[in-house]
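**Q** Below: one structure in structure tokens.
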Amino acid sequence: MSSANKPTAAHLASVDHIRNNPKFAELVRKRTAFSWFLSAIILVIYFGFIAIIAFNKAWLGTPLSASGVTTVGFPIGVGVILSAIALTGIYVYRANGEFD
């Protein structure tokens, strides 16, 4: 590490001051809890989809209509992808507003 990149004593003191601030600790706790909550939601969605594939594959292959070729599994799969995008957007929105 070059001497230009070494943290100074004032910098280290600032870092310690921020880390010891109760408001910062609360912010980190809220952010962590929120990210785990969203992670749990997406895991339930993903594993639910995989469970349907594992235990009821025939239902996913059922056509949406009598004359159609699109199956039930297609919109559900798209829903899984869109839910991941939506949850990411929710996290980014809240992170940029409350956590930033």
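Chains: A, B, ... in order of the structure tokens. Residues: from 1 per chain. Ligands: from 1, in order shown.
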Please list as a PyMOL selection string every residue within 9 Å of range 76-88 of chain A, counting only C-alpha atoms and excluding residues in the same chain fewer than 3 positions away.

**A** chain A and resi 38-39+41-42+45-46+49+60+72-73+91-93

**Q** So how far away is CA of Phe74 in chain A from CA of Phe55 in chain A, in Å?

**A**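 Answer for the CA of Phe55 in chain A to CA of Phe74 in chain A separation: 16.8 Å.
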
**Q** From a backbone DSSP assignment, name each residue in range 9-89 of chain A labelled alpha helix (DSSP H), as a ChimeraX atom specification.

**A** /A:9-19,22-55,57-60,73-89
